[in-house]
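Here is protein_6.txt, consisting of compact mmCIF, C-alpha atoms:
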# COMPACT_ATOMS: atom_id res chain seq x y z
CA MET E 256 0.00 0.00 0.00
CA SER E 257 2.65 2.45 1.07
CA GLU E 258 4.65 1.42 -1.97
CA GLY E 259 1.78 2.46 -4.26
CA GLN E 260 1.50 5.85 -2.55
CA ASP E 261 5.23 6.39 -2.85
CA LYS E 262 5.01 5.56 -6.52
CA SER E 263 2.13 7.94 -7.26
CA ALA E 264 3.86 10.72 -5.31
CA PHE E 265 7.00 10.00 -7.32
CA GLU E 266 5.04 10.12 -10.59
CA GLN E 267 3.59 13.49 -9.61
CA ARG E 268 6.99 14.93 -8.78
CA LEU E 269 8.41 13.50 -12.00
CA GLN E 270 5.59 15.06 -14.03
CA ALA E 271 6.12 18.42 -12.31
CA ALA E 272 9.85 18.27 -12.99
CA GLU E 273 9.28 17.33 -16.64
CA ASP E 274 6.78 20.16 -17.08
CA ALA E 275 9.26 22.58 -15.53
CA VAL E 276 11.96 21.54 -17.99
CA THR E 277 10.07 21.15 -21.28
CA GLY E 278 6.67 22.64 -20.59
CA PRO E 279 3.48 20.61 -20.93
CA VAL E 280 3.63 21.07 -24.72
CA ARG E 281 5.54 17.83 -25.25
CA GLU E 282 2.68 15.41 -24.87
CA SER E 283 0.35 17.28 -27.17
CA SER E 284 2.96 17.53 -29.94
CA ALA E 285 3.55 13.77 -29.69
CA LYS E 286 -0.21 13.29 -29.92
CA GLN E 287 -0.34 15.53 -32.98
CA ALA E 288 2.37 13.48 -34.67
CA GLY E 289 0.35 10.32 -34.00
CA ALA E 290 -2.78 11.93 -35.43
CA ALA E 291 -0.89 13.06 -38.53
CA GLN E 292 0.44 9.54 -39.05
CA ARG E 293 -3.07 8.11 -38.81
CA ALA E 294 -4.36 10.75 -41.23
CA ILE E 295 -1.72 9.93 -43.86
CA GLY E 296 -2.50 6.24 -43.42
CA LEU E 297 -6.19 6.93 -43.96
CA ALA E 298 -5.57 9.11 -47.01
CA MET E 299 -3.58 6.31 -48.62
CA ARG E 300 -6.41 3.85 -47.98
CA LEU E 301 -9.37 5.76 -49.35
CA GLY E 302 -8.66 5.72 -53.08
CA ILE E 303 -8.06 2.00 -53.25
CA GLU E 304 -11.09 1.19 -51.05
CA LEU E 305 -13.29 2.88 -53.65
CA VAL E 306 -11.81 1.02 -56.60
CA ALA E 307 -11.54 -2.41 -54.98
CA ALA E 308 -15.29 -2.74 -54.42
CA MET E 309 -15.93 -1.81 -58.05
CA VAL E 310 -13.40 -4.40 -59.29
CA ILE E 311 -14.96 -7.16 -57.20
CA ALA E 312 -18.49 -6.23 -58.31
CA VAL E 313 -17.57 -6.19 -62.01
CA VAL E 314 -15.71 -9.50 -61.71
CA ILE E 315 -18.72 -11.12 -60.02
CA GLY E 316 -21.05 -9.72 -62.70
CA TRP E 317 -18.77 -10.97 -65.48
CA GLY E 318 -18.59 -14.43 -63.90
CA LEU E 319 -22.37 -14.66 -63.50
CA ASP E 320 -22.78 -13.56 -67.13
CA ARG E 321 -20.54 -16.41 -68.25
CA LEU E 322 -22.53 -18.80 -66.08
CA PHE E 323 -25.98 -17.77 -67.30
CA HIS E 324 -25.04 -16.62 -70.84
CA THR E 325 -26.59 -13.19 -70.25
CA LYS E 326 -23.67 -11.11 -71.46
CA PRO E 327 -23.39 -8.17 -70.66
CA TRP E 328 -26.45 -7.40 -68.55
CA LEU E 329 -25.46 -8.69 -65.11
CA MET E 330 -22.11 -6.93 -65.37
CA ILE E 331 -23.87 -3.65 -66.13
CA LEU E 332 -26.27 -4.29 -63.27
CA MET E 333 -23.34 -4.83 -60.89
CA VAL E 334 -21.60 -1.53 -61.70
CA PRO E 335 -23.95 0.68 -59.62
CA VAL E 336 -23.90 -1.94 -56.85
CA GLY E 337 -20.09 -1.84 -56.89
CA MET E 338 -20.12 1.95 -56.73
CA ALA E 339 -22.47 1.83 -53.75
CA ALA E 340 -20.23 -0.74 -52.04
CA GLY E 341 -17.23 1.52 -52.68
CA ILE E 342 -18.98 4.45 -51.01
CA ARG E 343 -19.91 2.10 -48.16
CA ASN E 344 -16.22 1.22 -47.81
CA LEU E 345 -15.33 4.92 -47.69
CA VAL E 346 -17.89 5.67 -45.00
CA ARG E 347 -16.64 2.73 -42.96
CA ALA E 348 -12.97 3.67 -43.49
CA SER E 349 -13.49 7.27 -42.42
CA GLY E 350 -13.88 5.92 -38.92
CA LYS E 351 -17.34 7.18 -38.01
CA PRO E 352 -19.31 4.39 -36.36
CA ASP E 353 -22.30 3.91 -38.66
CA LYS E 354 -24.87 3.08 -36.00
CA MET O 187 17.48 5.75 -77.70
CA ALA O 188 16.12 2.24 -77.97
CA ALA O 189 19.38 0.77 -76.75
CA GLU O 190 19.35 2.96 -73.64
CA SER O 191 15.63 2.91 -72.90
CA ILE O 192 14.75 2.67 -69.24
CA ASP O 193 13.96 -0.85 -68.06
CA ALA O 194 11.98 0.14 -64.98
CA LEU O 195 10.36 -3.23 -64.33
CA GLY O 196 13.45 -5.39 -64.74
CA GLN O 197 14.24 -5.00 -61.06
CA PHE O 198 11.20 -7.08 -60.14
CA ARG O 199 12.26 -10.07 -62.25
CA LEU O 200 12.62 -13.28 -60.27
CA THR O 201 15.92 -15.09 -60.50
CA THR O 202 17.21 -17.93 -58.40
CA GLY O 203 19.20 -17.32 -55.26
CA LEU O 204 21.67 -19.30 -53.17
CA GLY O 205 23.70 -20.57 -56.13
CA PRO O 206 23.25 -24.11 -57.52
CA ILE O 207 21.15 -25.29 -54.56
CA GLY O 208 18.67 -22.50 -55.22
CA ARG O 209 18.53 -23.35 -58.92
CA ALA O 210 17.71 -26.96 -58.14
CA LEU O 211 14.99 -26.06 -55.62
CA ASN O 212 13.62 -23.01 -57.50
CA PHE O 213 14.52 -20.89 -54.48
CA THR O 214 14.10 -17.35 -55.84
CA ASN O 215 15.68 -14.05 -54.85
CA SER O 216 12.27 -13.12 -53.44
CA ASN O 217 12.43 -16.12 -51.10
CA GLU O 218 15.94 -15.07 -50.21
CA ALA O 219 14.69 -11.63 -49.13
CA MET O 220 11.84 -13.20 -47.13
CA LEU O 221 14.26 -15.48 -45.34
CA GLY O 222 16.50 -12.45 -44.74
CA ALA O 223 13.61 -10.46 -43.25
CA ALA O 224 12.69 -13.32 -40.94
CA ILE O 225 16.30 -13.80 -39.83
CA VAL O 226 16.78 -10.06 -39.19
CA ILE O 227 13.62 -9.72 -37.10
CA VAL O 228 14.38 -12.85 -35.05
CA GLY O 229 17.98 -11.70 -34.71
CA ILE O 230 16.98 -8.24 -33.46
CA PHE O 231 14.72 -9.81 -30.87
CA ALA O 232 17.26 -12.38 -29.74
CA LEU O 233 19.93 -9.71 -29.46
CA GLY O 234 17.71 -7.10 -27.87
CA LEU O 235 16.20 -9.38 -25.26
CA LYS O 236 19.50 -10.89 -24.16
CA PRO O 237 20.43 -8.26 -21.51
CA ARG O 238 16.95 -8.37 -19.86
CA ALA O 239 17.86 -5.07 -18.20
CA LEU O 240 15.38 -3.08 -16.10
CA VAL O 241 16.64 0.09 -17.79
CA PRO O 242 16.81 -0.95 -21.44
CA GLY O 243 19.74 -0.22 -23.70
CA ARG O 244 19.36 0.78 -27.35
CA MET O 245 18.55 -2.61 -28.81
CA GLN O 246 16.29 -3.57 -25.96
CA SER O 247 14.28 -0.36 -26.14
CA LEU O 248 13.92 -0.80 -29.90
CA VAL O 249 12.45 -4.24 -29.28
CA GLU O 250 10.24 -2.98 -26.46
CA LEU O 251 8.99 -0.03 -28.53
CA LEU O 252 8.08 -2.34 -31.39
CA TYR O 253 6.34 -4.75 -29.04
CA GLU O 254 4.35 -2.09 -27.21
CA PHE O 255 3.42 -0.27 -30.42
CA VAL O 256 1.79 -3.36 -31.90
CA ARG O 257 0.33 -4.43 -28.55
CA ASN O 258 -1.37 -1.04 -28.06
CA MET O 259 -2.63 -1.18 -31.62
CA CYS O 260 -4.20 -4.59 -30.94
CA VAL O 261 -5.81 -3.60 -27.65
CA ASP O 262 -7.04 -0.21 -28.90
CA THR O 263 -8.55 -1.57 -32.10
CA ILE O 264 -9.85 -5.03 -31.23
CA GLY O 265 -10.36 -4.60 -27.49
CA GLU O 266 -9.12 -6.78 -24.66
CA GLU O 267 -9.76 -9.92 -26.73
CA GLY O 268 -7.24 -8.52 -29.18
CA LEU O 269 -4.33 -9.91 -27.18
CA ARG O 270 -5.27 -13.35 -28.47
CA TYR O 271 -4.47 -12.21 -32.02
CA PHE O 272 -1.39 -10.18 -31.05
CA PRO O 273 1.13 -12.82 -32.27
CA LEU O 274 -0.49 -12.89 -35.72
CA VAL O 275 -0.64 -9.11 -36.06
CA PHE O 276 2.90 -8.70 -34.81
CA THR O 277 4.26 -11.32 -37.20
CA LEU O 278 2.52 -9.71 -40.17
CA PHE O 279 3.66 -6.22 -39.17
CA ALA O 280 7.28 -7.22 -38.60
CA PHE O 281 7.49 -9.33 -41.77
CA ILE O 282 6.03 -6.62 -44.01
CA LEU O 283 8.01 -3.81 -42.34
CA LEU O 284 11.29 -5.67 -42.73
CA GLY O 285 10.40 -6.69 -46.27
CA ASN O 286 9.73 -3.07 -47.22
CA LEU O 287 12.87 -1.81 -45.50
CA ILE O 288 15.16 -4.48 -46.96
CA GLY O 289 13.77 -3.67 -50.40
CA LEU O 290 14.96 -0.06 -50.05
CA PHE O 291 18.62 -1.04 -50.22
CA PRO O 292 20.35 -1.34 -53.60
CA TYR O 293 20.82 -4.92 -54.86
CA PHE O 294 18.18 -6.18 -52.42
CA PHE O 295 14.81 -7.48 -53.52
CA ALA O 296 11.53 -5.95 -52.29
CA PHE O 297 9.30 -9.03 -52.06
CA THR O 298 6.28 -6.89 -51.10
CA SER O 299 6.35 -5.45 -54.64
CA HIS O 300 4.90 -8.72 -55.98
CA ILE O 301 1.12 -9.02 -55.98
CA ALA O 302 1.47 -12.78 -55.47
CA VAL O 303 3.07 -12.20 -52.06
CA THR O 304 0.74 -9.44 -50.87
CA LEU O 305 -2.38 -11.22 -52.16
CA ALA O 306 -1.37 -14.39 -50.32
CA LEU O 307 -0.93 -12.40 -47.09
CA ALA O 308 -4.21 -10.53 -47.60
CA LEU O 309 -6.17 -13.69 -48.43
CA PHE O 310 -4.78 -15.33 -45.33
CA VAL O 311 -5.94 -12.38 -43.19
CA PHE O 312 -9.34 -12.38 -44.93
CA ILE O 313 -9.97 -16.12 -44.53
CA PHE O 314 -8.65 -16.10 -40.97
CA SER O 315 -10.86 -13.17 -39.86
CA THR O 316 -13.91 -14.74 -41.53
CA GLY O 317 -13.09 -17.99 -39.74
CA VAL O 318 -12.80 -16.13 -36.42
CA GLY O 319 -16.22 -14.57 -37.10
CA PHE O 320 -17.88 -17.93 -37.71
CA TYR O 321 -16.02 -19.51 -34.80
CA THR O 322 -17.14 -16.87 -32.26
CA HIS O 323 -20.68 -16.26 -33.55
CA GLY O 324 -21.59 -19.40 -35.49
CA PHE O 325 -24.15 -18.85 -38.22
CA ARG O 326 -25.23 -15.59 -36.58
CA PHE O 327 -22.16 -14.11 -38.29
CA PHE O 328 -24.29 -13.87 -41.45
CA LYS O 329 -26.17 -11.07 -39.71
CA PHE O 330 -23.00 -9.02 -40.29
CA PHE O 331 -24.21 -8.58 -43.87
CA VAL O 332 -27.67 -7.37 -42.79
CA PRO O 333 -27.49 -3.76 -41.59
CA SER O 334 -29.77 -3.16 -38.62
CA GLY O 335 -32.52 -0.53 -38.53
CA VAL O 336 -33.26 -0.69 -42.26
CA PRO O 337 -36.76 -1.20 -43.77
CA GLY O 338 -37.20 -4.73 -45.11
CA TRP O 339 -37.80 -3.79 -48.74
CA LEU O 340 -34.30 -2.24 -48.96
CA LEU O 341 -32.55 -5.43 -47.86
CA PRO O 342 -32.34 -7.10 -51.33
CA LEU O 343 -30.35 -4.04 -52.41
CA LEU O 344 -28.26 -3.56 -49.27
CA VAL O 345 -27.18 -7.15 -48.64
CA PRO O 346 -25.33 -7.49 -51.99
CA ILE O 347 -23.68 -4.12 -51.33
CA GLU O 348 -22.50 -5.30 -47.91
CA ILE O 349 -21.25 -8.61 -49.33
CA ILE O 350 -19.31 -6.89 -52.12
CA SER O 351 -17.91 -4.41 -49.63
CA TYR O 352 -16.75 -7.37 -47.52
CA LEU O 353 -15.29 -9.26 -50.49
CA SER O 354 -13.34 -6.19 -51.62
CA ARG O 355 -11.24 -6.28 -48.45
CA PRO O 356 -8.48 -8.64 -49.63
CA VAL O 357 -8.27 -6.74 -52.93
CA SER O 358 -7.77 -3.34 -51.35
CA LEU O 359 -5.45 -4.78 -48.70
CA SER O 360 -3.13 -6.47 -51.20
CA VAL O 361 -3.25 -3.91 -54.02
CA ARG O 362 -2.43 -1.02 -51.67
CA LEU O 363 0.80 -2.56 -50.40
CA PHE O 364 1.86 -3.92 -53.79
CA ALA O 365 1.10 -0.67 -55.67
CA ASN O 366 2.88 1.57 -53.18
CA MET O 367 6.05 -0.50 -53.16
CA THR O 368 6.13 -1.05 -56.93
CA ALA O 369 5.43 2.61 -57.73
CA GLY O 370 8.22 3.82 -55.46
CA HIS O 371 10.80 1.46 -56.93
CA VAL O 372 9.74 2.24 -60.50
CA MET O 373 10.10 5.97 -59.84
CA TRP O 374 13.59 5.43 -58.47
CA GLU O 375 14.58 3.43 -61.54
CA VAL O 376 13.08 6.00 -63.92
CA PHE O 377 14.91 8.95 -62.35
CA ALA O 378 18.14 6.97 -62.28
CA GLY O 379 17.57 6.19 -65.95
CA PHE O 380 17.19 9.91 -66.66
CA MET O 381 20.68 10.44 -65.32
CA LEU O 382 22.12 7.88 -67.75
CA LEU O 383 20.15 9.28 -70.68
CA LEU O 384 21.21 12.86 -69.92
CA THR O 385 24.87 11.91 -69.70
CA ALA O 386 24.70 9.82 -72.84
CA SER O 387 22.98 12.46 -74.96
CA LEU O 388 24.45 15.75 -73.69
CA GLY O 389 27.90 14.68 -72.59
CA ILE O 390 29.51 16.82 -69.89
CA TYR O 391 26.53 19.22 -69.69
CA GLY O 392 24.23 16.26 -69.23
CA ALA O 393 26.38 15.00 -66.41
CA PHE O 394 25.93 18.35 -64.63
CA ALA O 395 22.21 18.43 -65.43
CA SER O 396 21.70 14.97 -63.94
CA VAL O 397 22.16 16.51 -60.50
CA VAL O 398 18.43 17.29 -60.71
CA PRO O 399 17.18 13.67 -61.00
CA LEU O 400 19.80 12.67 -58.42
CA GLY O 401 18.34 15.21 -55.98
CA LEU O 402 14.85 13.92 -56.74
CA ASN O 403 16.01 10.39 -55.97
CA VAL O 404 17.44 11.50 -52.64
CA ALA O 405 14.12 13.13 -51.77
CA LEU O 406 12.31 9.99 -52.95
CA ALA O 407 14.43 7.89 -50.62
CA ALA O 408 13.01 9.77 -47.63
CA LEU O 409 9.48 9.40 -48.99
CA GLU O 410 10.00 5.68 -49.58
CA LEU O 411 11.19 5.24 -46.00
CA LEU O 412 7.95 6.84 -44.82
CA VAL O 413 5.88 4.70 -47.20
CA ALA O 414 7.63 1.51 -46.12
CA GLY O 415 6.76 2.08 -42.47
CA LEU O 416 3.31 3.45 -43.19
CA GLN O 417 2.21 0.58 -45.42
CA ALA O 418 3.26 -1.99 -42.86
CA TYR O 419 1.31 0.00 -40.26
CA VAL O 420 -1.77 0.25 -42.49
CA PHE O 421 -1.68 -3.48 -43.22
CA ALA O 422 -1.44 -4.29 -39.52
CA ILE O 423 -4.15 -1.86 -38.43
CA LEU O 424 -6.52 -3.14 -41.12
CA THR O 425 -5.89 -6.69 -39.94
CA CYS O 426 -6.88 -5.48 -36.47
CA LEU O 427 -10.01 -3.76 -37.85
CA TYR O 428 -11.13 -6.90 -39.70
CA LEU O 429 -10.56 -8.98 -36.58
CA HIS O 430 -12.54 -6.39 -34.60
CA ASP O 431 -15.44 -6.78 -37.04
CA ALA O 432 -15.20 -10.56 -36.72
CA VAL O 433 -15.16 -10.49 -32.91
CA HIS O 434 -17.73 -7.74 -32.27
CA MET O 435 -19.82 -7.87 -35.50
CA HIS O 436 -20.23 -4.10 -35.89

Please lay out the structure from this file as structure tokens.
Amino acid sequence: MSEGQDKSAFEQRLQAAEDAVTGPVRESSAKQAGAAQRAIGLAMRLGIELVAAMVIAVVIGWGLDRLFHTKPWLMILMVPVGMAAGIRNLVRASGKPDK
Amino acid sequence: MAAESIDALGQFRLTTGLGPIGRALNFTNSNEAMLGAAIVIVGIFALGLKPRALVPGRMQSLVELLYEFVRNMCVDTIGEEGLRYFPLVFTLFAFILLGNLIGLFPYFFAFTSHIAVTLALALFVFIFSTGVGFYTHGFRFFKFFVPSGVPGWLLPLLVPIEIISYLSRPVSLSVRLFANMTAGHVMWEVFAGFMLLLTASLGIYGAFASVVPLGLNVALAALELLVAGLQAYVFAILTCLYLHDAVHMH
């Protein structure tokens, strides 16, 4: 018990000493760097998320056309569905919980 | 011109490594780089964890930073259950990161620039996370494709959209890594080719002018270092996200 108190008192003194030396700016700048990294990661994802759904949809439509000999109607039908799925991917990737 | 045209894709050609043994076993230079990445990561860990010091030295804190980075990523994204999948995520992250970084050096092979490699990794993640979903939820996992709070007549439209969105995951996961690595290496090769072309066609003036593409290549090297780390990070965090979807179903 006393060990825990010692430790928290030590943490407080350490924090105070660190703030005195560098100012409390340090943590927020590290946080900003993390946020920037996440943002670049997200930006690199978005374009491909949009295209990938379209590719899958068109491939499925093309395969079904070959199966049922209905060239090219199912493929055309799948294009708007693929676009919608791409937008769905974007909404999901942008990190907002969709419920 | 034709004789000195830039062969930007030649660097991705597979040859055999390890001399005559490699030729007999079809052990390619890509496999060589993979083995190298695995050896380097295991070596760093073996070396870094040897001192077991309370106050870590350089190697040990590198290892600990790497460990805690991936561990926090797992716990933050998947939740407490995420620790169960930590070994998988860490292995993927370390393998891809080392593969990207090794590929940055001249004469080394970037195995992540082959779609066959990245697609195999992405399909493994996709099948594994789907398996985790069915294992934890049974057939109720199919409800993942039925968005809640939607009028019934919209479902025939929305369910195919959800399924396609789900199936597009391995494609976007593999193409992103492959395209980023390939594009960076091609740009390097093209700018380096400019230097040769300038020198060949303009002589001494060309040699001076080729400082420009050289400077661009130096700047590209920094960008590629960023991309190498970032793509490994994106691959790992998406693996975590897919596992989160499989465990929590929303």

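Nearest to chain E of all the residues O:Phe255, O:Phe294, O:Phe198, O:Phe377 is O:Phe255, counting only C-alpha atoms.
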
Study note, to complete from the structure: The distance between CA of Ala369 in chain O and CA of Ile282 in chain O is 16.5 Å

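Separating CA of Gly243 in chain O from CA of Glu273 in chain E is a distance of 21.6 Å.
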
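Atom pair CA of Phe380 in chain O / CA of Arg199 in chain O has a distance of 21.0 Å (rounded to one decimal).
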
Check your understanding: Could you write out as a ChimeraX atom specification the residues of chain O within 9 Å of chain E, counting only C-alpha atoms?
Key -> /O:334-335,343-344,346-359,361-362,416-417,419-420,436

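When only C-alpha atoms are used to measure the gap to Phe331 in chain O, the shortest distance among O:Val345, O:Met373, O:Leu382, O:Leu252 belongs to O:Val345.
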
Check your understanding: Could you name the residues that touch Ser315 in chain O at 8 Å or less, counting only C-alpha atoms, but leaving out those on the same chain fewer than 6 positions away, as a PyMOL selection string?
Key -> chain O and resi 428-429+432

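Residue neighbourhood of Leu411 in chain O, excluding near-sequence residues (fewer than 3 positions): Asn286, Leu287, Leu290, Leu406, Ala407, Ala408, Ala414, Gly415 and Leu416 of chain O, at 9 Å, using only C-alpha atoms.
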
File dump, residues just selected, C-alpha atoms, as a short mmCIF file (atom, residue, chain, number, x, y, z; two decimals), in the coordinates of the input:
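After the write, again.cif holds the following:
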data_model
loop_
_atom_site.label_atom_id
_atom_site.label_comp_id
_atom_site.auth_asym_id
_atom_site.auth_seq_id
_atom_site.Cartn_x
_atom_site.Cartn_y
_atom_site.Cartn_z
CA ASN O 286 9.73 -3.07 -47.22
CA LEU O 287 12.87 -1.81 -45.50
CA LEU O 290 14.96 -0.06 -50.05
CA LEU O 406 12.31 9.99 -52.95
CA ALA O 407 14.43 7.89 -50.62
CA ALA O 408 13.01 9.77 -47.63
CA ALA O 414 7.63 1.51 -46.12
CA GLY O 415 6.76 2.08 -42.47
CA LEU O 416 3.31 3.45 -43.19
#

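Comparing O:Ala223, O:Met381, O:Leu363, O:Ala418 by their smallest distance to Leu400 in chain O, the closest is O:Met381 (using only C-alpha atoms).
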
Check your understanding: Contacts of range 265-275 of chain O at 8 Å or less, counting only C-alpha atoms, minus same-chain residues fewer than 3 places along, as a PyMOL selection string?
Key -> chain O and resi 256-257+260-262+278-279+422+425-426+430

Review point. Which residues come within 12 Å of Glu250 in chain O, counting only C-alpha atoms, excluding same-chain residues fewer than 4 positions away, as a list in words?
Key: Ile230, Phe231, Gly234, Leu235, Arg238, Ala239, Leu240, Val241, Pro242, Gly243, Arg244, Met245, Gln246, Glu254, Phe255, Val256, Arg257 and Asn258 of chain O

Practice item. Please provide the set of residues having any atom within 10 Å of Phe394 in chain O, restricted to all atoms listed in the file, with same-chain residues fewer than 5 positions apart removed, written as a PyMOL selection string. Key: chain O and resi 381+384-385+388-389

To box range 261-270 of chain E, take all atoms listed in the file, fit an axis-aligned box, add 8 Å on each side, and give centre and edge lengths in Å to one decimal, as lines of an AutoDock Vina configuration file.
center_x = 5.3
center_y = 10.3
center_z = -8.4
size_x = 22.3
size_y = 25.5
size_z = 27.2

Model the absent atoms of range 312-335 of chain E so that N, CA and C atoms are present, and write the result as a JSON list (two decimals), in the coordinates of the input.
[["chain", "number", "residue", "atom", "x", "y", "z"],
["E", 312, "ALA", "N", -17.12, -6.18, -57.79],
["E", 312, "ALA", "CA", -18.49, -6.23, -58.31],
["E", 312, "ALA", "C", -18.49, -6.58, -59.79],
["E", 313, "VAL", "N", -17.60, -5.94, -60.56],
["E", 313, "VAL", "CA", -17.57, -6.19, -62.01],
["E", 313, "VAL", "C", -17.13, -7.63, -62.28],
["E", 314, "VAL", "N", -16.16, -8.13, -61.51],
["E", 314, "VAL", "CA", -15.71, -9.50, -61.71],
["E", 314, "VAL", "C", -16.84, -10.48, -61.41],
["E", 315, "ILE", "N", -17.60, -10.23, -60.35],
["E", 315, "ILE", "CA", -18.72, -11.12, -60.02],
["E", 315, "ILE", "C", -19.76, -11.07, -61.14],
["E", 316, "GLY", "N", -20.08, -9.85, -61.62],
["E", 316, "GLY", "CA", -21.05, -9.72, -62.70],
["E", 316, "GLY", "C", -20.60, -10.45, -63.95],
["E", 317, "TRP", "N", -19.33, -10.31, -64.28],
["E", 317, "TRP", "CA", -18.77, -10.97, -65.48],
["E", 317, "TRP", "C", -18.85, -12.49, -65.33],
["E", 318, "GLY", "N", -18.54, -13.00, -64.15],
["E", 318, "GLY", "CA", -18.59, -14.43, -63.90],
["E", 318, "GLY", "C", -20.01, -14.96, -64.01],
["E", 319, "LEU", "N", -20.97, -14.22, -63.44],
["E", 319, "LEU", "CA", -22.37, -14.66, -63.50],
["E", 319, "LEU", "C", -22.88, -14.64, -64.95],
["E", 320, "ASP", "N", -22.41, -13.63, -65.72],
["E", 320, "ASP", "CA", -22.78, -13.56, -67.13],
["E", 320, "ASP", "C", -22.30, -14.80, -67.88],
["E", 321, "ARG", "N", -21.08, -15.21, -67.60],
["E", 321, "ARG", "CA", -20.54, -16.41, -68.25],
["E", 321, "ARG", "C", -21.35, -17.63, -67.87],
["E", 322, "LEU", "N", -21.80, -17.65, -66.60],
["E", 322, "LEU", "CA", -22.53, -18.80, -66.08],
["E", 322, "LEU", "C", -23.91, -18.90, -66.73],
["E", 323, "PHE", "N", -24.59, -17.75, -66.83],
["E", 323, "PHE", "CA", -25.98, -17.77, -67.30],
["E", 323, "PHE", "C", -26.11, -17.35, -68.75],
["E", 324, "HIS", "N", -25.02, -17.06, -69.45],
["E", 324, "HIS", "CA", -25.04, -16.62, -70.84],
["E", 324, "HIS", "C", -25.93, -15.40, -71.01],
["E", 325, "THR", "N", -25.78, -14.41, -70.16],
["E", 325, "THR", "CA", -26.59, -13.19, -70.25],
["E", 325, "THR", "C", -25.73, -11.98, -70.52],
["E", 326, "LYS", "N", -24.59, -12.20, -71.17],
["E", 326, "LYS", "CA", -23.67, -11.11, -71.46],
["E", 326, "LYS", "C", -24.41, -9.93, -72.09],
["E", 327, "PRO", "N", -24.19, -8.70, -71.77],
["E", 327, "PRO", "CA", -23.39, -8.17, -70.66],
["E", 327, "PRO", "C", -24.24, -7.63, -69.52],
["E", 328, "TRP", "N", -25.47, -8.12, -69.37],
["E", 328, "TRP", "CA", -26.45, -7.40, -68.55],
["E", 328, "TRP", "C", -26.14, -7.45, -67.06],
["E", 329, "LEU", "N", -25.73, -8.61, -66.56],
["E", 329, "LEU", "CA", -25.46, -8.69, -65.11],
["E", 329, "LEU", "C", -24.26, -7.82, -64.74],
["E", 330, "MET", "N", -23.27, -7.77, -65.65],
["E", 330, "MET", "CA", -22.11, -6.93, -65.37],
["E", 330, "MET", "C", -22.51, -5.47, -65.26],
["E", 331, "ILE", "N", -23.38, -5.03, -66.18],
["E", 331, "ILE", "CA", -23.87, -3.65, -66.13],
["E", 331, "ILE", "C", -24.66, -3.41, -64.86],
["E", 332, "LEU", "N", -25.46, -4.42, -64.48],
["E", 332, "LEU", "CA", -26.27, -4.29, -63.27],
["E", 332, "LEU", "C", -25.37, -4.15, -62.04],
["E", 333, "MET", "N", -24.20, -4.83, -62.08],
["E", 333, "MET", "CA", -23.34, -4.83, -60.89],
["E", 333, "MET", "C", -22.55, -3.55, -60.73],
["E", 334, "VAL", "N", -22.42, -2.75, -61.81],
["E", 334, "VAL", "CA", -21.60, -1.53, -61.70],
["E", 334, "VAL", "C", -22.15, -0.55, -60.66],
["E", 335, "PRO", "N", -23.46, -0.21, -60.70],
["E", 335, "PRO", "CA", -23.95, 0.68, -59.62],
["E", 335, "PRO", "C", -23.84, 0.05, -58.24]]
